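Colleague: Input structure: input_31.txt, which contains compact mmCIF, C-alpha atoms.
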```txt
# COMPACT_ATOMS: atom_id res chain seq x y z
CA MET A 1 12.42 13.63 -5.77
CA THR A 2 9.50 14.85 -3.62
CA ILE A 3 8.16 17.01 -6.42
CA ARG A 4 8.21 14.08 -8.82
CA ILE A 5 6.57 11.66 -6.44
CA LEU A 6 3.82 13.74 -4.81
CA PRO A 7 0.78 14.80 -6.86
CA PRO A 8 -0.68 18.33 -6.64
CA PRO A 9 -2.32 19.40 -3.35
CA GLY A 10 -5.94 18.55 -2.74
CA ALA A 11 -7.70 15.27 -3.44
CA PRO A 12 -4.81 13.74 -5.45
CA ARG A 13 -2.39 14.29 -2.58
CA ARG A 14 -4.79 12.78 -0.05
CA LEU A 15 -5.21 9.78 -2.32
CA ALA A 16 -1.42 9.52 -2.33
CA ALA A 17 -1.36 9.69 1.48
CA ALA A 18 -3.86 6.80 1.62
CA GLN A 19 -1.73 4.88 -0.87
CA LEU A 20 1.39 5.46 1.20
CA CYS A 21 -0.29 4.20 4.38
CA ASN A 22 -1.36 0.84 3.03
CA SER A 23 1.75 0.31 0.87
CA VAL A 24 4.06 0.61 3.90
CA GLY A 25 2.05 -2.07 5.65
CA ASP A 26 1.91 -4.24 2.54
CA GLY A 27 5.66 -3.96 2.01
CA ALA A 28 6.30 -5.38 5.46
CA TYR A 29 3.64 -8.05 4.95
CA TYR A 30 5.02 -9.25 1.61
CA VAL A 31 8.50 -9.71 3.06
CA CYS A 32 7.41 -11.68 6.12
CA SER A 33 4.17 -13.49 5.31
CA ALA A 34 5.56 -16.61 3.60
CA LEU A 35 8.08 -17.31 6.37
CA PHE A 36 5.47 -16.68 9.06
CA PHE A 37 3.04 -19.17 7.56
CA THR A 38 5.74 -21.82 7.16
CA ARG A 39 7.78 -21.34 10.36
CA VAL A 40 5.08 -20.26 12.82
CA VAL A 41 1.80 -21.66 11.47
CA GLY A 42 3.48 -24.79 10.09
CA LEU A 43 1.98 -24.74 6.59
CA SER A 44 3.79 -26.34 3.69
CA PRO A 45 4.75 -24.28 0.62
CA ALA A 46 2.18 -26.27 -1.37
CA GLN A 47 -0.59 -25.34 1.08
CA ILE A 48 0.40 -21.68 0.90
CA GLY A 49 0.43 -21.80 -2.90
CA VAL A 50 -2.99 -23.46 -3.10
CA GLY A 51 -4.45 -21.04 -0.56
CA LEU A 52 -3.16 -17.94 -2.32
CA THR A 53 -4.27 -19.22 -5.72
CA LEU A 54 -7.81 -19.84 -4.50
CA ALA A 55 -7.88 -16.52 -2.63
CA TRP A 56 -6.86 -14.39 -5.61
CA ALA A 57 -9.22 -16.33 -7.88
CA VAL A 58 -12.12 -15.46 -5.55
CA GLY A 59 -10.87 -11.88 -5.21
CA SER A 60 -10.71 -11.36 -8.97
CA VAL A 61 -14.34 -12.47 -9.30
CA ALA A 62 -15.50 -10.40 -6.33
CA GLY A 63 -13.85 -7.22 -7.61
CA VAL A 64 -16.54 -6.64 -10.24
CA PRO A 65 -19.63 -6.66 -7.98
CA LEU A 66 -17.76 -4.70 -5.32
CA GLY A 67 -16.83 -2.12 -7.95
CA ALA A 68 -20.48 -1.97 -9.00
CA LEU A 69 -21.38 -1.47 -5.33
CA ALA A 70 -19.04 1.53 -5.27
CA ASP A 71 -20.90 2.96 -8.27
CA ARG A 72 -24.31 2.52 -6.62
CA ARG A 73 -23.47 3.44 -3.02
CA GLY A 74 -20.69 5.94 -3.57
CA PRO A 75 -16.98 5.14 -3.94
CA ARG A 76 -15.73 6.96 -0.85
CA GLY A 77 -17.86 5.07 1.66
CA THR A 78 -17.25 1.77 -0.12
CA SER A 79 -13.50 2.39 -0.13
CA VAL A 80 -13.50 3.12 3.60
CA VAL A 81 -15.47 -0.03 4.39
CA LEU A 82 -13.19 -2.20 2.26
CA ALA A 83 -10.05 -0.66 3.79
CA VAL A 84 -11.42 -1.55 7.24
CA ALA A 85 -12.26 -5.05 5.96
CA THR A 86 -8.68 -5.43 4.75
CA ALA A 87 -7.42 -4.38 8.18
CA ALA A 88 -9.71 -6.97 9.77
CA SER A 89 -8.46 -9.71 7.44
CA VAL A 90 -4.83 -8.87 8.24
CA SER A 91 -5.65 -8.83 11.95
CA SER A 92 -7.08 -12.33 11.63
CA PHE A 93 -3.62 -13.58 10.60
CA LEU A 94 -2.59 -12.99 14.21
CA PHE A 95 -4.78 -15.93 15.21
CA VAL A 96 -4.33 -18.26 12.21
CA ARG A 97 -2.84 -21.61 13.24
CA SER A 98 -4.33 -24.03 10.68
CA PHE A 99 -4.72 -24.34 6.93
CA TRP A 100 -8.49 -23.77 6.90
CA ALA A 101 -8.20 -20.65 9.05
CA PHE A 102 -5.42 -19.45 6.74
CA LEU A 103 -7.60 -20.10 3.67
CA ALA A 104 -10.54 -18.15 5.12
CA ALA A 105 -8.28 -15.24 6.10
CA VAL A 106 -6.52 -14.94 2.74
CA ILE A 107 -9.82 -15.17 0.81
CA LEU A 108 -11.16 -12.26 2.88
CA TYR A 109 -7.88 -10.40 2.34
CA ALA A 110 -7.84 -10.90 -1.44
CA THR A 111 -11.54 -10.05 -1.79
CA ALA A 112 -11.20 -6.85 0.21
CA GLN A 113 -8.03 -5.86 -1.67
CA CYS A 114 -9.58 -6.36 -5.12
CA GLY A 115 -12.75 -4.52 -4.13
CA LEU A 116 -10.74 -1.70 -2.56
CA ALA A 117 -8.71 -1.26 -5.75
CA ALA A 118 -11.88 -0.93 -7.85
CA ALA A 119 -13.59 1.42 -5.40
CA ARG A 120 -10.52 3.66 -5.15
CA GLN A 121 -10.32 3.89 -8.93
CA ALA A 122 -13.97 4.99 -9.00
CA LEU A 123 -13.21 7.51 -6.25
CA LEU A 124 -10.25 8.89 -8.20
CA ALA A 125 -12.43 9.17 -11.32
CA GLY A 126 -14.96 11.22 -9.37
CA LEU A 127 -12.38 13.56 -7.85
CA VAL A 128 -9.91 14.05 -10.73
CA THR A 129 -10.66 15.30 -14.24
CA PRO A 130 -10.22 12.78 -17.07
CA GLU A 131 -7.20 14.70 -18.37
CA GLU A 132 -5.42 14.33 -15.02
CA ARG A 133 -6.20 10.70 -14.17
CA THR A 134 -3.21 9.00 -15.78
CA GLY A 135 -0.81 11.57 -14.33
CA THR A 136 -2.34 11.17 -10.87
CA LEU A 137 -2.09 7.39 -11.13
CA ALA A 138 1.57 7.75 -12.06
CA HIS A 139 2.14 9.75 -8.87
CA LEU A 140 0.26 7.10 -6.87
CA GLN A 141 2.41 4.36 -8.39
CA ALA A 142 5.56 6.23 -7.41
CA VAL A 143 4.24 6.66 -3.86
CA LEU A 144 3.27 2.97 -3.82
CA ASN A 145 6.83 1.94 -4.59
CA ALA A 146 8.22 4.29 -1.97
CA GLY A 147 5.89 2.82 0.63
CA LEU A 148 6.70 -0.75 -0.36
CA ALA A 149 10.40 0.01 0.01
CA ILE A 150 9.90 1.47 3.50
CA GLY A 151 7.69 -1.45 4.50
CA ALA A 152 10.14 -4.00 3.12
CA ALA A 153 12.88 -2.43 5.24
CA LEU A 154 10.68 -2.72 8.34
CA GLY A 155 9.85 -6.31 7.41
CA GLY A 156 13.56 -7.00 7.04
CA LEU A 157 14.06 -5.94 10.66
CA ALA A 158 11.40 -8.45 11.71
CA LEU A 159 13.10 -11.15 9.67
CA GLY A 160 16.37 -10.32 11.39
CA VAL A 161 14.76 -10.85 14.80
CA GLY A 162 13.01 -13.98 13.52
CA THR A 163 10.66 -14.48 16.49
CA GLU A 164 6.92 -15.09 16.42
CA ARG A 165 6.32 -11.73 18.12
CA ALA A 166 8.29 -9.95 15.41
CA TYR A 167 6.14 -11.51 12.70
CA LEU A 168 2.95 -10.68 14.60
CA ALA A 169 4.14 -7.07 14.94
CA VAL A 170 4.36 -6.89 11.14
CA PHE A 171 0.74 -8.02 10.76
CA ALA A 172 -0.35 -5.54 13.40
CA LEU A 173 1.52 -2.81 11.52
CA ASP A 174 -0.22 -3.75 8.27
CA ALA A 175 -3.65 -3.71 9.94
CA VAL A 176 -3.02 -0.29 11.49
CA ALA A 177 -1.79 0.98 8.11
CA PHE A 178 -5.10 0.06 6.47
CA LEU A 179 -7.04 1.72 9.28
CA LEU A 180 -5.01 4.89 8.66
CA CYS A 181 -5.76 4.49 4.96
CA ALA A 182 -9.49 4.34 5.77
CA ALA A 183 -9.20 7.47 7.92
CA VAL A 184 -7.49 9.39 5.11
CA LEU A 185 -10.07 8.24 2.57
CA LEU A 186 -12.85 9.36 4.90
CA ARG A 187 -11.50 12.93 4.74
CA LEU A 188 -11.84 13.09 0.96
CA PRO A 189 -14.86 14.80 -0.61
CA GLY A 190 -17.80 12.53 -1.27
CA VAL A 191 -18.63 11.41 -4.81
CA ALA A 192 -22.30 11.06 -5.65
CA PRO A 193 -23.43 7.54 -6.55
CA VAL A 194 -24.72 6.95 -10.06
CA ALA A 195 -28.41 6.85 -10.83
CA ASP A 196 -30.24 3.54 -10.58
CA ARG A 197 -29.92 1.39 -13.67
CA ALA A 198 -32.70 1.58 -16.22
CA ALA A 199 -35.30 -1.14 -16.55
CA GLY A 200 -33.87 -4.11 -18.38
CA GLU A 201 -30.27 -2.96 -17.97
CA PRO A 202 -28.02 -5.78 -16.69
CA ARG A 203 -26.73 -5.41 -13.15
CA LEU A 204 -23.14 -6.05 -14.26
CA ALA A 205 -23.06 -4.61 -17.77
CA VAL A 206 -19.30 -5.04 -18.07
CA LEU A 207 -19.71 -8.81 -18.23
CA ARG A 208 -21.56 -8.39 -21.55
CA ASP A 209 -19.06 -5.92 -22.99
CA ARG A 210 -17.00 -8.27 -25.16
CA PRO A 211 -14.68 -5.62 -26.67
CA TYR A 212 -13.76 -4.39 -23.19
CA ALA A 213 -13.26 -8.00 -22.12
CA LEU A 214 -10.76 -8.44 -24.97
CA VAL A 215 -8.86 -5.34 -23.85
CA THR A 216 -8.85 -6.69 -20.30
CA LEU A 217 -7.54 -10.07 -21.47
CA LEU A 218 -4.66 -8.47 -23.38
CA ASN A 219 -3.82 -6.33 -20.36
CA ALA A 220 -3.79 -9.45 -18.17
CA ILE A 221 -1.30 -11.08 -20.57
CA LEU A 222 0.93 -8.00 -20.38
CA LEU A 223 0.78 -8.17 -16.58
CA LEU A 224 2.26 -11.68 -16.59
CA ARG A 225 5.60 -9.85 -16.25
CA MET A 226 4.67 -9.00 -12.64
CA PRO A 227 6.33 -12.08 -11.01
CA LEU A 228 9.54 -11.61 -13.00
CA LEU A 229 11.52 -9.79 -10.31
CA SER A 230 10.01 -11.60 -7.35
CA LEU A 231 10.20 -15.17 -8.68
CA ALA A 232 11.47 -15.90 -12.19
CA ILE A 233 14.61 -13.77 -12.33
CA PRO A 234 15.88 -14.76 -8.84
CA LEU A 235 15.53 -18.43 -9.78
CA TRP A 236 17.09 -17.78 -13.19
CA ILE A 237 20.08 -16.05 -11.59
CA VAL A 238 20.68 -18.89 -9.15
CA GLU A 239 20.06 -21.83 -11.49
CA ARG A 240 21.11 -20.66 -14.98
CA THR A 241 23.73 -17.89 -14.63
CA HIS A 242 27.09 -17.31 -12.98
CA ALA A 243 26.04 -13.94 -11.54
CA PRO A 244 26.31 -13.41 -7.76
CA GLY A 245 23.21 -14.12 -5.68
CA TRP A 246 23.12 -10.65 -4.10
CA LEU A 247 22.19 -9.27 -7.52
CA VAL A 248 18.60 -10.40 -6.84
CA SER A 249 18.22 -7.70 -4.18
CA ALA A 250 20.04 -5.12 -6.30
CA LEU A 251 17.68 -5.62 -9.24
CA PHE A 252 14.65 -5.26 -6.96
CA VAL A 253 16.02 -1.99 -5.57
CA LEU A 254 16.77 -0.79 -9.11
CA ASN A 255 13.18 -1.43 -10.17
CA THR A 256 11.69 0.26 -7.11
CA VAL A 257 13.85 3.38 -7.36
CA ALA A 258 13.33 3.70 -11.12
CA VAL A 259 9.55 3.67 -10.77
CA MET A 260 9.73 6.21 -7.94
CA LEU A 261 11.83 8.59 -10.02
CA PHE A 262 10.58 8.13 -13.57
CA GLN A 263 6.98 6.81 -13.58
CA VAL A 264 5.48 10.30 -13.55
CA ARG A 265 7.74 11.47 -16.37
CA THR A 266 7.01 8.35 -18.43
CA ALA A 267 3.24 8.82 -18.06
CA ARG A 268 3.26 12.53 -18.96
CA PRO A 269 2.88 12.06 -22.76
CA VAL A 270 -0.08 9.68 -22.31
CA THR A 271 -3.19 11.83 -22.59
CA ASP A 272 -5.62 9.93 -24.84
CA LEU A 273 -6.24 6.55 -26.41
CA GLU A 274 -3.87 7.21 -29.30
CA SER A 275 -0.90 8.07 -27.08
CA ALA A 276 -1.83 5.20 -24.74
CA GLY A 277 -1.70 2.77 -27.65
CA ARG A 278 1.74 4.05 -28.62
CA ALA A 279 2.96 3.61 -25.04
CA VAL A 280 1.72 0.02 -24.90
CA ARG A 281 3.27 -0.85 -28.28
CA ALA A 282 6.58 0.68 -27.22
CA SER A 283 6.43 -1.31 -23.98
CA GLY A 284 6.04 -4.50 -26.01
CA LEU A 285 9.16 -3.78 -28.04
CA VAL A 286 11.17 -2.89 -24.95
CA VAL A 287 10.03 -5.90 -22.90
CA ALA A 288 10.80 -8.22 -25.82
CA ALA A 289 14.30 -6.75 -25.95
CA SER A 290 14.65 -7.24 -22.18
CA CYS A 291 13.68 -10.91 -22.50
CA GLY A 292 16.37 -11.35 -25.13
CA VAL A 293 18.98 -9.74 -22.87
CA PHE A 294 17.93 -11.86 -19.89
CA ALA A 295 18.26 -14.96 -22.08
CA LEU A 296 21.80 -13.99 -23.07
CA SER A 297 22.83 -13.76 -19.40
CA ALA A 298 23.00 -17.56 -19.28
CA LEU A 299 25.80 -17.66 -21.87
CA PRO A 300 28.82 -15.87 -20.32
CA ARG A 301 31.00 -17.91 -17.99
CA ALA A 302 32.23 -14.79 -16.22
CA GLY A 303 30.00 -13.66 -13.38
CA TRP A 304 30.57 -9.96 -14.08
CA ALA A 305 29.45 -10.32 -17.71
CA ALA A 306 26.27 -12.16 -16.69
CA ALA A 307 25.60 -9.50 -14.05
CA ALA A 308 26.02 -6.72 -16.60
CA LEU A 309 23.49 -8.37 -18.91
CA LEU A 310 21.04 -8.89 -16.04
CA VAL A 311 21.27 -5.22 -15.05
CA ALA A 312 20.73 -4.17 -18.67
CA GLY A 313 17.73 -6.47 -18.92
CA ALA A 314 16.31 -5.08 -15.67
CA VAL A 315 16.65 -1.50 -16.94
CA LEU A 316 14.75 -2.41 -20.12
CA GLN A 317 12.17 -4.32 -18.10
CA VAL A 318 11.34 -1.43 -15.77
CA ASP A 319 11.12 0.96 -18.72
CA ALA A 320 8.61 -1.37 -20.37
CA GLU A 321 6.72 -1.70 -17.08
CA MET A 322 6.31 2.07 -16.72
CA ARG A 323 5.19 2.52 -20.34
CA GLN A 324 2.69 -0.34 -20.12
CA SER A 325 1.28 0.93 -16.82
CA ALA A 326 0.72 4.43 -18.17
CA GLY A 327 -0.94 3.19 -21.33
CA SER A 328 -3.18 0.68 -19.58
CA TRP A 329 -4.37 3.23 -17.00
CA GLN A 330 -5.52 5.57 -19.77
CA ILE A 331 -7.16 2.77 -21.75
CA GLY A 332 -8.95 1.23 -18.76
CA PHE A 333 -10.47 4.55 -17.70
CA GLU A 334 -11.28 6.05 -21.10
CA LEU A 335 -13.13 3.00 -22.39
CA ALA A 336 -15.26 2.72 -19.25
CA PRO A 337 -18.68 4.43 -19.20
CA ALA A 338 -18.70 7.29 -16.71
CA GLU A 339 -21.65 5.84 -14.79
CA ARG A 340 -20.00 2.41 -14.39
CA ILE A 341 -16.40 3.27 -13.54
CA GLY A 342 -16.37 1.05 -10.44
CA GLN A 343 -17.51 -2.18 -12.05
CA TYR A 344 -15.44 -1.58 -15.17
CA GLN A 345 -12.32 -0.88 -13.12
CA GLY A 346 -13.10 -3.94 -11.00
CA PHE A 347 -13.16 -6.02 -14.19
CA PHE A 348 -10.11 -4.39 -15.75
CA GLY A 349 -8.24 -4.86 -12.47
CA THR A 350 -8.69 -8.65 -12.61
CA GLY A 351 -5.46 -8.67 -14.62
CA VAL A 352 -3.50 -8.22 -11.39
CA PRO A 353 -4.87 -11.26 -9.49
CA VAL A 354 -4.77 -13.30 -12.70
CA ALA A 355 -1.08 -12.43 -13.07
CA ARG A 356 -0.48 -13.31 -9.43
CA THR A 357 -2.26 -16.64 -9.90
CA LEU A 358 -1.05 -17.77 -13.33
CA GLY A 359 2.14 -15.73 -13.67
CA PRO A 360 4.34 -17.95 -11.47
CA LEU A 361 3.26 -21.10 -13.32
CA VAL A 362 3.66 -19.55 -16.79
CA LEU A 363 7.01 -17.91 -16.08
CA THR A 364 8.62 -20.84 -14.30
CA SER A 365 7.44 -23.22 -17.04
CA LEU A 366 8.74 -21.02 -19.84
CA ILE A 367 11.95 -19.74 -18.31
CA LEU A 368 13.22 -22.40 -15.94
CA LEU A 369 12.17 -25.43 -17.99
CA TRP A 370 12.82 -24.10 -21.50
CA GLY A 371 15.69 -21.74 -20.74
CA ILE A 372 16.73 -19.36 -23.52
CA PRO A 373 13.93 -20.42 -25.94
CA GLY A 374 11.46 -19.82 -23.11
CA TRP A 375 12.67 -16.23 -22.69
CA LEU A 376 12.28 -15.64 -26.41
CA LEU A 377 8.79 -17.14 -26.41
CA LEU A 378 7.79 -14.97 -23.45
CA GLY A 379 9.06 -11.88 -25.27
CA ALA A 380 7.08 -12.82 -28.38
CA LEU A 381 3.91 -13.37 -26.29
CA LEU A 382 4.18 -9.96 -24.62
CA LEU A 383 5.05 -8.25 -27.90
CA GLY A 384 2.03 -9.81 -29.61
CA ALA A 385 -0.31 -8.74 -26.79
CA SER A 386 1.02 -5.18 -26.91
CA TYR A 387 0.45 -4.89 -30.65
CA GLY A 388 -2.98 -6.53 -30.33
CA MET A 389 -4.06 -3.84 -27.87
CA GLY A 390 -4.46 -1.18 -30.60
CA PRO A 391 -7.05 -3.09 -32.68
CA ALA A 392 -8.83 -4.18 -29.48
CA VAL A 393 -9.08 -0.58 -28.29
CA ARG A 394 -10.43 0.55 -31.67
CA LEU A 395 -13.04 -2.22 -31.51
CA ALA A 396 -14.08 -1.20 -27.99
CA ARG A 397 -14.18 2.48 -28.95
CA GLY A 398 -16.28 1.67 -32.00
CA SER A 399 -18.80 -0.17 -29.83
CA ARG A 400 -19.30 3.10 -27.93
CA SER A 401 -19.71 5.27 -31.00
CA GLY A 402 -23.27 6.04 -30.00
CA GLU A 403 -22.23 7.38 -26.60
CA ALA A 404 -21.24 10.96 -25.89
CA VAL A 405 -17.54 11.62 -26.46
CA PRO A 406 -15.79 14.01 -24.06
CA ALA A 407 -14.57 17.25 -25.58
CA GLY A 408 -11.11 17.03 -27.05
CA ARG A 409 -11.25 13.24 -27.51
CA GLU A 410 -12.63 13.09 -31.09
CA ALA A 411 -9.11 12.89 -32.54
CA ALA A 412 -8.30 9.88 -30.38
```
Translate the structure of the given file into structure tokens.
Modeller:
Amino acid sequence: MTIRILPPPGAPRRLAAAQLCNSVGDGAYYVCSALFFTRVVGLSPAQIGVGLTLAWAVGSVAGVPLGALADRRGPRGTSVVLAVATAASVSSFLFVRSFWAFLAAVILYATAQCGLAAARQALLAGLVTPEERTGTLAHLQAVLNAGLAIGAALGGLALGVGTERAYLAVFALDAVAFLLCAAVLLRLPGVAPVADRAAGEPRLAVLRDRPYALVTLLNAILLLRMPLLSLAIPLWIVERTHAPGWLVSALFVLNTVAVMLFQVRTARPVTDLESAGRAVRASGLVVAASCGVFALSALPRAGWAAAALLVAGAVLQVDAEMRQSAGSWQIGFELAPAERIGQYQGFFGTGVPVARTLGPLVLTSLILLWGIPGWLLLGALLLGASYGMGPAVRLARGSRSGEAVPAGREAA
């Protein structure tokens, strides 16, 4: 398992170490944060929902200029600063006792997280050859899931204790984890900033790149599957099926372990835009099939039959997730100009906060209100976006026909 999870020695492995540090802290934070803000701070679920929605909306917008800052000032230093800023935002949760303080803290947290993601992508692009980027990202995703699992276990201990001090210890752990992440990033080789933009060149060129914006939009639609395991499927199991409630945890563990073990292998065939397009199309077919299986789980009266269908749907879903991730990584990097990796990755990465913001509303409306037809409509939406990615990529690639094409990429 270690060989599959860890990338080769050198810069990729240090990037993985940084990923592991912050993912352990985040895993504990995700498990405990909602209960802390309701039980200790006294916020209502509606206040938490509004605060997180506003925070990730601001973060998604801020990711582009922060990515551009990484291009101009150097991605390593920018990543370190944003990791420290994330630690500071998490530390501020220790003192939050009102809605407005909570809102300010989560906006800082989301902004720093989105900027850090863009800056780290630019750092990876400067340290890893284009041929190795998707494979390295697959290793980082596997490490991310391992760290989240460890952190979730630690957060579970805090939940078991259930005291204010236990929750505060989790936030302290997350803050320390991001400081360790910053220290690891600081030990990586520096990446030279790009040259100053030419006269008349827009400061944020990605905002005028309509073909890339279309690719980003389709990727954001595909990422709407992100809240499935954390929100939609647990509610579906409880409200629409006869499966046992403990299956919610089992499906989460299944997803985490599968990504740890098989993400690297799934990403191995993805080496160019052509293979990336095939991976995304295949993910659309598989995720549509998974939606159909999840829909069928509402029909059997026997709990074991519903559970079997849910497990089968979860297996298909995680396979689609790994294929879509591998394809989108390759597409997002290869279509970005080398001198603007940070801002382009900041823009492409807006799919994650968009999915976090709109995904719960879309999924609960489709699945919980419409039931089986909602599952089928969701599958059709994701399938359509996956098949639309190929023409969108060709359009974006055609808009760059005047730029230099890296060796070995002409056939793509």
Colleague: Please write as a list in words the list of polymer residues whose atoms come within 9 Å of (-0.2, -15.5, -23.4), counting only C-alpha atoms and keeping to the coordinates of the file.
Modeller: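 Collected hits near the coordinates: Leu218, Ala220, Ile221, Leu222, Leu224, Val362, Leu378, Leu381, Leu382, Gly384 and Ala385 of chain A.
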Colleague: Applying 7 Å and all atoms listed in the file, which residues near stretch 143-152 of chain A remain after dropping the ones on its own chain fewer than 3 positions away? List them as a PyMOL selection string.
Modeller: chain A and resi 5+16+19-20+23-28+31+139-140+155-156+256+259-260
Colleague: Which residue gives the smallest distance to A:Ile237 among A:Gly126, A:Pro189, A:Pro75, A:Gly371, with all atoms listed in the file counted?
Modeller: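 Checking each of A:Gly126, A:Pro189, A:Pro75, A:Gly371 against A:Ile237, counting all atoms listed in the file, the winner is A:Gly371.
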Colleague: For the atom pair atom CA of A:Ser91 and atom CA of A:Arg165, what is the interatomic distance in Å to one decimal place?
Modeller: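 Taking atom CA of A:Ser91 and atom CA of A:Arg165, their separation equals 13.8 Å.
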Colleague: Within 6 Å of (-1.3, -20.9, -9.2), all atoms listed in the file: residues as a list in words?
Modeller: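 Taken together, the residues in range are Thr53, Thr357 and Leu358 of chain A.
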Colleague: Using C-alpha atoms, can you write the selected residues to a file as a compact mmCIF listing (two decimals), in the coordinates of the input?
Modeller:
```
# COMPACT_ATOMS: atom_id res chain seq x y z
CA THR A 53 -4.27 -19.22 -5.72
CA THR A 357 -2.26 -16.64 -9.90
CA LEU A 358 -1.05 -17.77 -13.33
```
Colleague: So the first atom is atom CA of A:Ser89 and the second is atom CA of A:Thr111; what is the distance between them in Å, to one decimal place?
Modeller: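 Here the two named atoms are 9.7 Å from each other.
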Colleague: Could you pull the residues within 8 Å of A:Leu82, counting only C-alpha atoms, minus those fewer than 5 positions along the same chain, as a PyMOL selection string?
Modeller: chain A and resi 112-113+115-116
Colleague: List the spatial neighbours of A:Tyr212 as JSON, numbers by chain - criterion: any atom at most 9 Å away, all atoms listed in the file, same-chain residues fewer than 3 positions off excluded.
Modeller: {"A": [206, 207, 208, 209, 215, 216, 217, 332, 335, 336, 344, 348, 392, 393, 395, 396, 397]}
Colleague: Name the residues in contact with A:Gly303 at a cut-off of 7 Å, using all atoms listed in the file, excluding same-chain residues fewer than 2 positions from it; report them as a list in words.
Modeller: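 So the residues in contact are His242, Ala243, Pro244, Arg301, Ala305, Ala306 and Ala307 of chain A.
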